[in-house]
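Below is coords.txt, holding compact mmCIF, C-alpha atoms and all ligand atoms.
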```txt
# COMPACT_ATOMS: atom_id res chain seq x y z
CA MET L 1 -52.53 21.70 -27.33
CA ASN L 2 -54.63 18.80 -28.49
CA ARG L 3 -58.27 19.38 -27.43
CA THR L 4 -59.57 15.93 -28.45
CA LEU L 5 -56.85 14.20 -26.46
CA GLN L 6 -57.38 16.54 -23.49
CA ASN L 7 -61.15 16.00 -23.40
CA ARG L 8 -60.86 12.23 -23.51
CA MET L 9 -58.19 12.20 -20.83
CA ARG L 10 -60.10 14.57 -18.53
CA LYS L 11 -63.17 12.36 -18.82
CA GLU L 12 -61.13 9.42 -17.59
CA LEU L 13 -58.89 11.10 -14.99
CA CYS L 14 -61.25 13.69 -13.48
CA PRO L 15 -64.86 13.04 -14.43
CA ASP L 16 -67.07 15.95 -13.24
CA GLY L 17 -63.91 17.75 -12.13
CA ILE L 18 -63.03 15.19 -9.45
CA TRP L 19 -59.65 13.53 -9.80
CA GLN L 20 -59.61 9.78 -9.34
CA LEU L 21 -57.02 7.03 -9.48
CA GLY L 22 -56.75 4.70 -12.44
CA ALA L 23 -57.01 0.95 -11.79
CA THR L 24 -53.25 0.30 -11.81
CA VAL L 25 -52.30 2.96 -9.26
CA LYS L 26 -55.29 2.09 -7.07
CA THR L 27 -54.09 -1.54 -6.94
CA LEU L 28 -50.49 -0.45 -6.42
CA LEU L 29 -51.35 1.81 -3.50
CA LYS L 30 -53.57 -0.78 -1.81
CA TYR L 31 -50.91 -3.47 -2.28
CA HIS L 32 -48.14 -1.37 -0.68
CA ILE L 33 -50.27 -0.07 2.20
CA ALA L 34 -51.39 -3.62 3.04
CA ARG L 35 -47.77 -4.76 3.38
CA LEU L 36 -46.67 -2.05 5.80
CA PRO L 37 -47.17 -2.10 9.58
CA LYS L 38 -49.81 0.17 11.11
CA ARG L 39 -48.42 2.17 14.03
CA LYS L 40 -48.98 5.69 15.33
CA VAL L 41 -46.31 8.04 13.94
CA SER L 42 -45.70 11.77 14.37
CA GLU L 43 -46.89 14.42 11.85
CA ASP L 44 -43.28 15.10 10.85
CA ALA L 45 -42.48 11.42 10.31
CA THR L 46 -45.64 11.09 8.19
CA ARG L 47 -44.36 13.86 5.92
CA TYR L 48 -40.77 12.57 5.78
CA PRO L 49 -41.03 8.77 6.09
CA LYS L 50 -37.90 6.82 6.95
CA ASN L 51 -39.22 3.40 7.98
CA PRO L 52 -42.10 1.05 7.05
CA ALA L 53 -44.68 2.40 9.58
CA GLU L 54 -43.92 6.00 8.57
CA MET L 55 -44.18 5.09 4.90
CA ARG L 56 -47.61 3.53 5.51
CA ALA L 57 -48.78 6.76 7.15
CA PHE L 58 -47.38 8.80 4.23
CA LEU L 59 -49.07 6.60 1.61
CA VAL L 60 -52.41 6.89 3.43
CA LYS L 61 -52.25 10.63 4.06
CA PHE L 62 -50.17 12.30 1.35
CA PHE L 63 -49.62 10.01 -1.64
CA THR L 64 -52.72 10.81 -3.71
CA ARG L 65 -52.75 14.48 -2.69
CA HIS L 66 -49.29 15.06 -4.16
CA TYR L 67 -49.89 12.63 -7.03
CA PHE L 68 -53.02 14.41 -8.33
CA GLN L 69 -51.43 17.83 -7.89
CA ALA L 70 -48.47 16.72 -10.02
CA GLN L 71 -50.84 15.37 -12.70
CA ASN L 72 -53.00 18.49 -12.66
CA SER L 73 -49.92 20.74 -12.92
CA LEU L 74 -48.45 18.79 -15.84
CA PHE L 75 -51.69 17.99 -17.70
CA ASP L 76 -51.62 20.89 -20.21
CA TYR L 77 -47.90 20.45 -20.86
CA MET L 78 -48.09 16.69 -21.35
CA THR L 79 -50.95 17.06 -23.84
CA SER L 80 -49.19 19.89 -25.72
CA ASN L 81 -47.32 19.56 -29.01
CA ASP L 82 -44.09 20.52 -27.18
CA PHE L 83 -44.33 17.32 -25.17
CA LEU L 84 -45.77 15.07 -27.89
CA ASN L 85 -42.92 16.16 -30.22
CA LEU L 86 -40.40 15.45 -27.48
CA LEU L 87 -41.74 11.88 -27.32
CA THR L 88 -40.83 11.27 -30.97
CA SER L 89 -37.34 10.46 -29.67
CA GLY L 90 -38.90 7.36 -28.04
CA ARG L 91 -37.32 8.29 -24.69
CA LEU L 92 -38.40 10.17 -21.58
CA ARG L 93 -36.04 11.01 -18.73
CA ILE L 94 -37.55 12.07 -15.41
CA LEU L 95 -35.46 13.59 -12.62
CA ASP L 96 -37.44 13.35 -9.35
CA ILE L 97 -35.74 15.36 -6.56
CA GLY L 98 -36.87 14.45 -3.03
CA CYS L 99 -38.79 11.60 -4.70
CA GLY L 100 -40.15 9.88 -1.56
CA PRO L 101 -41.92 6.74 -2.88
CA ALA L 102 -41.67 8.03 -6.50
CA VAL L 103 -44.90 10.02 -6.24
CA ALA L 104 -44.27 12.51 -9.06
CA SER L 105 -42.61 9.84 -11.24
CA LEU L 106 -45.70 7.63 -10.93
CA ALA L 107 -48.00 10.58 -11.64
CA ILE L 108 -46.12 11.34 -14.88
CA THR L 109 -45.94 7.67 -15.87
CA ASP L 110 -49.67 7.07 -15.43
CA LEU L 111 -50.49 10.31 -17.29
CA LEU L 112 -48.32 9.05 -20.14
CA ALA L 113 -50.09 5.68 -20.02
CA CYS L 114 -53.39 7.55 -20.37
CA ILE L 115 -52.01 9.49 -23.37
CA PHE L 116 -51.08 6.20 -25.01
CA GLU L 117 -54.50 4.74 -24.29
CA HIS L 118 -56.22 7.61 -26.08
CA HIS L 119 -53.78 8.64 -28.78
CA LYS L 120 -55.19 6.21 -31.31
CA ASP L 121 -58.31 8.38 -31.49
CA VAL L 122 -56.25 11.48 -32.22
CA ASP L 123 -55.37 12.62 -35.74
CA ASN L 124 -51.73 13.23 -36.67
CA TRP L 125 -50.23 11.57 -33.60
CA PRO L 126 -46.64 12.81 -33.78
CA THR L 127 -44.98 10.36 -31.44
CA ALA L 128 -43.15 7.05 -31.41
CA GLU L 129 -45.05 3.78 -30.86
CA THR L 130 -43.21 3.12 -27.60
CA VAL L 131 -41.48 5.39 -25.11
CA LYS L 132 -38.73 4.10 -22.85
CA ILE L 133 -38.74 5.89 -19.49
CA THR L 134 -35.61 6.43 -17.42
CA TYR L 135 -36.09 7.50 -13.81
CA ILE L 136 -33.41 9.36 -11.93
CA LEU L 137 -34.58 9.26 -8.31
CA ASN L 138 -33.00 11.47 -5.68
CA ASP L 139 -33.69 11.24 -1.97
CA THR L 140 -31.50 11.40 1.13
CA SER L 141 -33.48 8.53 2.68
CA GLY L 142 -32.33 5.08 1.57
CA TYR L 143 -35.69 3.70 2.69
CA CYS L 144 -37.55 6.12 0.37
CA LEU L 145 -35.28 5.24 -2.57
CA GLY L 146 -35.96 1.52 -2.00
CA SER L 147 -39.73 2.17 -1.79
CA ALA L 148 -39.60 4.32 -4.94
CA GLN L 149 -37.89 1.53 -6.89
CA ARG L 150 -40.41 -1.06 -5.67
CA MET L 151 -43.38 1.18 -6.45
CA LEU L 152 -42.15 1.76 -10.00
CA SER L 153 -41.35 -1.86 -10.76
CA ASP L 154 -44.69 -3.00 -9.25
CA TYR L 155 -46.50 -0.34 -11.31
CA PHE L 156 -45.07 -1.83 -14.50
CA ALA L 157 -45.76 -5.38 -13.30
CA PHE L 158 -49.42 -4.55 -12.50
CA SER L 159 -50.00 -2.67 -15.75
CA LYS L 160 -48.26 -5.13 -18.07
CA LYS L 161 -51.42 -5.96 -20.02
CA HIS L 162 -52.43 -2.34 -20.61
CA ASN L 163 -49.28 -0.26 -21.01
CA ARG L 164 -48.14 -1.43 -24.38
CA GLY L 165 -46.74 1.99 -25.24
CA ILE L 166 -44.49 2.63 -22.26
CA VAL L 167 -41.44 0.70 -21.18
CA HIS L 168 -39.51 0.88 -17.91
CA SER L 169 -36.02 1.36 -19.23
CA GLN L 170 -33.80 2.14 -16.24
CA THR L 171 -33.83 3.56 -12.71
CA ILE L 172 -30.88 5.38 -11.23
CA SER L 173 -30.89 6.24 -7.54
CA VAL L 174 -28.94 9.16 -6.12
CA GLN L 175 -28.83 9.32 -2.31
CA LYS L 176 -26.57 12.35 -1.97
CA ALA L 177 -28.50 15.46 -0.87
CA PHE L 178 -29.57 18.08 -3.39
CA PRO L 179 -28.00 20.54 -4.28
CA SER L 180 -24.57 19.15 -3.34
CA ASN L 181 -25.22 16.22 -5.72
CA ILE L 182 -25.10 18.50 -8.78
CA ASN L 183 -21.90 16.94 -10.16
CA GLN L 184 -23.47 13.48 -9.96
CA LEU L 185 -26.61 14.76 -11.73
CA ARG L 186 -24.38 16.36 -14.41
CA ARG L 187 -22.57 13.03 -14.91
CA VAL L 188 -25.86 11.15 -15.30
CA LYS L 189 -26.97 13.74 -17.88
CA ARG L 190 -23.69 13.37 -19.80
CA ASN L 191 -24.24 9.58 -19.98
CA LEU L 192 -27.99 9.43 -20.58
CA GLY L 193 -28.99 12.81 -22.05
CA THR L 194 -30.82 15.85 -20.71
CA TYR L 195 -33.73 15.54 -18.26
CA ASP L 196 -37.12 16.06 -19.90
CA ILE L 197 -39.16 16.65 -16.75
CA ILE L 198 -37.57 17.68 -13.44
CA THR L 199 -39.75 17.67 -10.33
CA PHE L 200 -39.40 19.16 -6.86
CA SER L 201 -42.65 17.81 -5.45
CA TYR L 202 -43.04 18.81 -1.81
CA ALA L 203 -39.25 18.87 -1.56
CA ILE L 204 -38.36 22.55 -1.22
CA VAL L 205 -39.17 22.82 2.51
CA PRO L 206 -36.43 20.41 3.67
CA LEU L 207 -34.07 21.87 1.04
CA ASP L 208 -34.69 25.38 2.34
CA GLU L 209 -34.36 24.24 5.96
CA ASP L 210 -31.07 22.40 5.27
CA ASN L 211 -29.17 25.04 3.35
CA GLY L 212 -31.29 28.18 2.99
CA LEU L 213 -32.99 29.85 0.07
CA ILE L 214 -29.86 31.07 -1.75
CA ASP L 215 -28.40 27.57 -1.97
CA LEU L 216 -31.75 26.14 -3.03
CA ALA L 217 -32.24 28.79 -5.74
CA ASN L 218 -28.67 28.29 -7.01
CA GLY L 219 -29.31 24.54 -7.06
CA VAL L 220 -32.44 25.01 -9.17
CA LEU L 221 -30.59 27.42 -11.51
CA ASN L 222 -27.83 24.81 -11.98
CA ILE L 223 -30.40 22.09 -12.65
CA GLU L 224 -32.01 24.23 -15.37
CA LYS L 225 -28.87 23.77 -17.47
CA LEU L 226 -29.50 20.00 -17.47
CA CYS L 227 -33.08 20.30 -18.75
CA THR L 228 -34.10 19.45 -22.33
CA PRO L 229 -35.15 22.46 -24.45
CA ASN L 230 -38.99 22.42 -24.28
CA GLY L 231 -38.74 20.19 -21.19
CA ARG L 232 -40.21 21.43 -17.90
CA ILE L 233 -39.28 22.02 -14.27
CA LEU L 234 -42.10 21.59 -11.76
CA VAL L 235 -42.03 22.88 -8.20
CA LEU L 236 -45.02 21.87 -6.09
CA GLN L 237 -45.92 22.76 -2.50
CA ASP L 238 -48.97 23.20 -0.26
CA LYS L 239 -50.58 26.63 0.16
CA PHE L 240 -49.15 27.08 3.67
CA LYS L 241 -45.70 27.46 2.10
CA ALA L 242 -46.82 30.08 -0.46
CA PRO L 243 -44.36 32.73 0.85
CA LEU L 244 -41.44 30.31 0.37
CA MET L 245 -42.69 29.45 -3.14
CA ARG L 246 -42.90 33.18 -3.97
CA ARG L 247 -39.39 33.86 -2.69
CA LEU L 248 -37.97 30.88 -4.58
CA SER L 249 -39.73 31.67 -7.85
CA ARG L 250 -38.59 35.31 -7.63
CA ALA L 251 -35.01 34.20 -6.97
CA ILE L 252 -35.01 31.93 -10.05
CA GLY L 253 -36.79 34.52 -12.26
CA THR L 254 -40.19 32.91 -12.72
CA SER L 255 -43.57 32.94 -10.92
CA SER L 256 -45.75 30.63 -8.84
CA HIS L 257 -49.53 30.16 -8.93
CA HIS L 258 -52.29 28.89 -6.68
CA GLU L 259 -54.45 25.99 -7.85
CA GLU L 260 -57.44 24.25 -6.33
CA LEU L 261 -58.12 20.59 -6.90
CA THR L 262 -60.92 18.25 -5.85
CA GLN L 263 -60.10 14.56 -5.56
CA HIS L 264 -61.47 11.29 -4.34
CA VAL L 265 -59.92 10.23 -1.03
CA TYR L 266 -57.75 7.08 -1.14
CA PRO L 267 -57.75 4.69 0.53
CA SER L 268 -61.47 5.38 0.72
CA ARG L 269 -63.58 4.88 3.81
CA ASN L 270 -66.72 5.56 1.82
CA THR L 271 -66.83 5.58 -1.96
CA ASN L 272 -68.08 9.15 -2.39
CA GLU L 273 -65.61 10.85 -0.10
CA THR L 274 -63.93 13.84 -1.79
CA GLN L 275 -61.56 16.51 -0.57
CA THR L 276 -60.52 19.88 -2.04
CA TYR L 277 -56.96 21.19 -1.59
CA THR L 278 -55.31 24.45 -2.55
CA TYR L 279 -51.67 24.23 -3.49
CA CYS L 280 -48.92 26.28 -5.15
CA HIS L 281 -47.07 25.33 -8.26
CA CYS L 282 -44.42 26.72 -10.51
CA LEU L 283 -44.00 25.07 -13.92
CA TYR L 284 -41.62 26.50 -16.48
CA THR L 285 -39.26 25.78 -19.30
CA PRO L 286 -35.79 27.22 -18.58
CA THR L 287 -35.19 28.28 -22.20
CA ASP L 288 -38.26 30.57 -22.06
CA LYS L 289 -37.02 32.61 -19.12
C1 LIG M 301 -42.46 15.52 1.73
S1 LIG M 301 -41.47 14.31 0.98
C2 LIG M 301 -42.07 14.44 -0.71
C3 LIG M 301 -42.06 13.12 -1.43
C4 LIG M 301 -42.61 13.18 -2.84
N1 LIG M 301 -41.77 13.97 -3.72
C5 LIG M 301 -44.03 13.68 -2.87
O1 LIG M 301 -44.35 14.55 -3.67
O2 LIG M 301 -44.85 13.16 -2.13
C6 LIG M 301 -39.87 15.12 0.86
C7 LIG M 301 -38.74 14.17 0.52
O3 LIG M 301 -37.54 14.92 0.32
C8 LIG M 301 -36.44 14.18 0.82
N2 LIG M 301 -35.31 15.09 1.05
C9 LIG M 301 -35.08 15.88 2.15
N3 LIG M 301 -33.95 16.61 1.97
C10 LIG M 301 -33.45 16.27 0.74
C11 LIG M 301 -32.31 16.68 0.00
N4 LIG M 301 -31.45 17.61 0.46
N5 LIG M 301 -32.09 16.11 -1.22
C12 LIG M 301 -32.95 15.18 -1.72
N6 LIG M 301 -34.06 14.76 -1.04
C13 LIG M 301 -34.31 15.31 0.16
C14 LIG M 301 -37.02 13.52 2.07
O4 LIG M 301 -36.28 12.37 2.48
C15 LIG M 301 -38.44 13.16 1.61
O5 LIG M 301 -38.54 11.86 1.12
```
Take the structure in the file and give it back as structure tokens.
Ligand SMILES: C[S@@+](CC[C@H](N)C(=O)[O-])C[C@H]1O[C@@H](n2cnc3c(N)ncnc32)[C@H](O)[C@@H]1O
Amino acid sequence: MNRTLQNRMRKELCPDGIWQLGATVKTLLKYHIARLPKRKVSEDATRYPKNPAEMRAFLVKFFTRHYFQAQNSLFDYMTSNDFLNLLTSGRLRILDIGCGPAVASLAITDLLACIFEHHKDVDNWPTAETVKITYILNDTSGYCLGSAQRMLSDYFAFSKKHNRGIVHSQTISVQKAFPSNINQLRRVKRNLGTYDIITFSYAIVPLDEDNGLIDLANGVLNIEKLCTPNGRILVLQDKFKAPLMRRLSRAIGTSSHHEELTQHVYPSRNTNETQTYTYCHCLYTPTDK
């Protein structure tokens, strides 16, 4: 764990313990919200958006919540020597299951951009000068996959001047439902290499509802075999689903934890508005189990 790097990054990402968006993601979010129609949509449609008005509601209500929770959950890992050594390959492959508009992928990408911004101040930087990121996006909604691709390419377009260290290499979209898409995910891994970070960010509820816990747990156990040694699997969910998280983590032989996080509210109605959320996460490396 690199303390200097961590301290500098915390100062930028969560000054005084309050998470805030960097300039690129703030612009990206505003830009996408402004282009989507504003209409009243149901609570369920806000959570699982399938058209432009539902996506607008999701971006307003859930985007930053899930985004900061993914960053907070991965912060220690992504500033650890395990991760910095993994970057020496010059490649990073992210598998984002139930990606929605690429929330977890963007959280990881912007955290990596922040690492690159500060690494010059850190002694013995072990990594390559540039890292090419490949995104493997999985969602059953074609609309979400399209949004995810647009969000990622706009992110790189908006951050062109700053992100000298990270390069958008490739995006592969998989629309077949998890876990029945396992053969497709195996094929992608055979062609591109193992997945370095695999995320299930707010995705286990529909997976559990569709096929039940046993299928979901078996799916996660199969995915573990496609993960890079010293890579990580992240499962993220709100506190109301803690019993499901506990049952899933027990079934896959690991454990889940509660976390509390305070963040600025985006889009903001007043500049000082903050909100605190409790959520559950499970982050592990399959080879350590
Ligand atoms: C609550 S959204 C989470 C989006 C994003 N990961 C986040 O953290 O904000 C859940 C997503 O999972 C997708 N989904 C539902 N069932 C799925 C399945 N069997 N395989 C892949 N994605 C699925 C939905 O279409 C939806 O976009």
When the cut-off is 6 Å and you count only C-alpha atoms and all ligand atoms, which residues lie near ligand LIG 301 (chain M), shown as an mmCIF file with C-alpha atoms, keeping the file's coordinate frame?
```cif
data_model
loop_
_atom_site.group_PDB
_atom_site.id
_atom_site.type_symbol
_atom_site.label_atom_id
_atom_site.label_comp_id
_atom_site.auth_asym_id
_atom_site.auth_seq_id
_atom_site.Cartn_x
_atom_site.Cartn_y
_atom_site.Cartn_z
ATOM 1 C CA ARG L 47 -44.360 13.860 5.920
ATOM 2 C CA TYR L 48 -40.770 12.570 5.780
ATOM 3 C CA PHE L 63 -49.620 10.010 -1.640
ATOM 4 C CA HIS L 66 -49.290 15.060 -4.160
ATOM 5 C CA ILE L 97 -35.740 15.360 -6.560
ATOM 6 C CA GLY L 98 -36.870 14.450 -3.030
ATOM 7 C CA CYS L 99 -38.790 11.600 -4.700
ATOM 8 C CA GLY L 100 -40.150 9.880 -1.560
ATOM 9 C CA VAL L 103 -44.900 10.020 -6.240
ATOM 10 C CA ALA L 104 -44.270 12.510 -9.060
ATOM 11 C CA ASN L 138 -33.000 11.470 -5.680
ATOM 12 C CA ASP L 139 -33.690 11.240 -1.970
ATOM 13 C CA THR L 140 -31.500 11.400 1.130
ATOM 14 C CA SER L 141 -33.480 8.530 2.680
ATOM 15 C CA CYS L 144 -37.550 6.120 0.370
ATOM 16 C CA ALA L 177 -28.500 15.460 -0.870
ATOM 17 C CA PHE L 178 -29.570 18.080 -3.390
ATOM 18 C CA SER L 201 -42.650 17.810 -5.450
ATOM 19 C CA TYR L 202 -43.040 18.810 -1.810
ATOM 20 C CA ALA L 203 -39.250 18.870 -1.560
ATOM 21 C CA PRO L 206 -36.430 20.410 3.670
ATOM 22 C CA LEU L 207 -34.070 21.870 1.040
#
```
Which residues are near Phe58 in chain L? Cut-off 12 Å, only C-alpha atoms, ignore same chain within fewer than 6 positions. Put them as a ChimeraX atom specification. /L:29,32-33,36,38-52,64-66,100-101,103,144,147,266-267
I'd like a table as a Markdown table: residues in range 12-81 of chain L with an atom no more than 9 Å from range 230-244 of chain L, each row giving the shortest atom pair and its distance in Å to one decimal, only C-alpha atoms counted, sorted by chain and rising residue number.
```
| residue | atom | partner | partner_atom | distance |
| --- | --- | --- | --- | --- |
| L:His66 | CA | L:Leu236 | CA | 8.3 |
| L:Gln69 | CA | L:Leu236 | CA | 7.8 |
| L:Ala70 | CA | L:Leu236 | CA | 7.3 |
| L:Ser73 | CA | L:Leu234 | CA | 8.0 |
| L:Leu74 | CA | L:Leu234 | CA | 8.1 |
| L:Tyr77 | CA | L:Arg232 | CA | 8.3 |
```
Got a sec: who's within 9 Å of Leu185 in chain L, counting only C-alpha atoms, leaving out chain neighbours fewer than 4 positions off, as a ChimeraX atom specification? /L:95,136,174,181,189-190,223,226
Within 9 Å of (-35.3, 31.2, -9.0), all atoms listed in the file: residues as a list in words?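 Checked against the point, the hits come out as Leu216, Ala217, Asn218, Val220, Leu221, Arg247, Leu248, Ser249, Arg250, Ala251, Ile252, Gly253, Thr254 and Ser255 of chain L.
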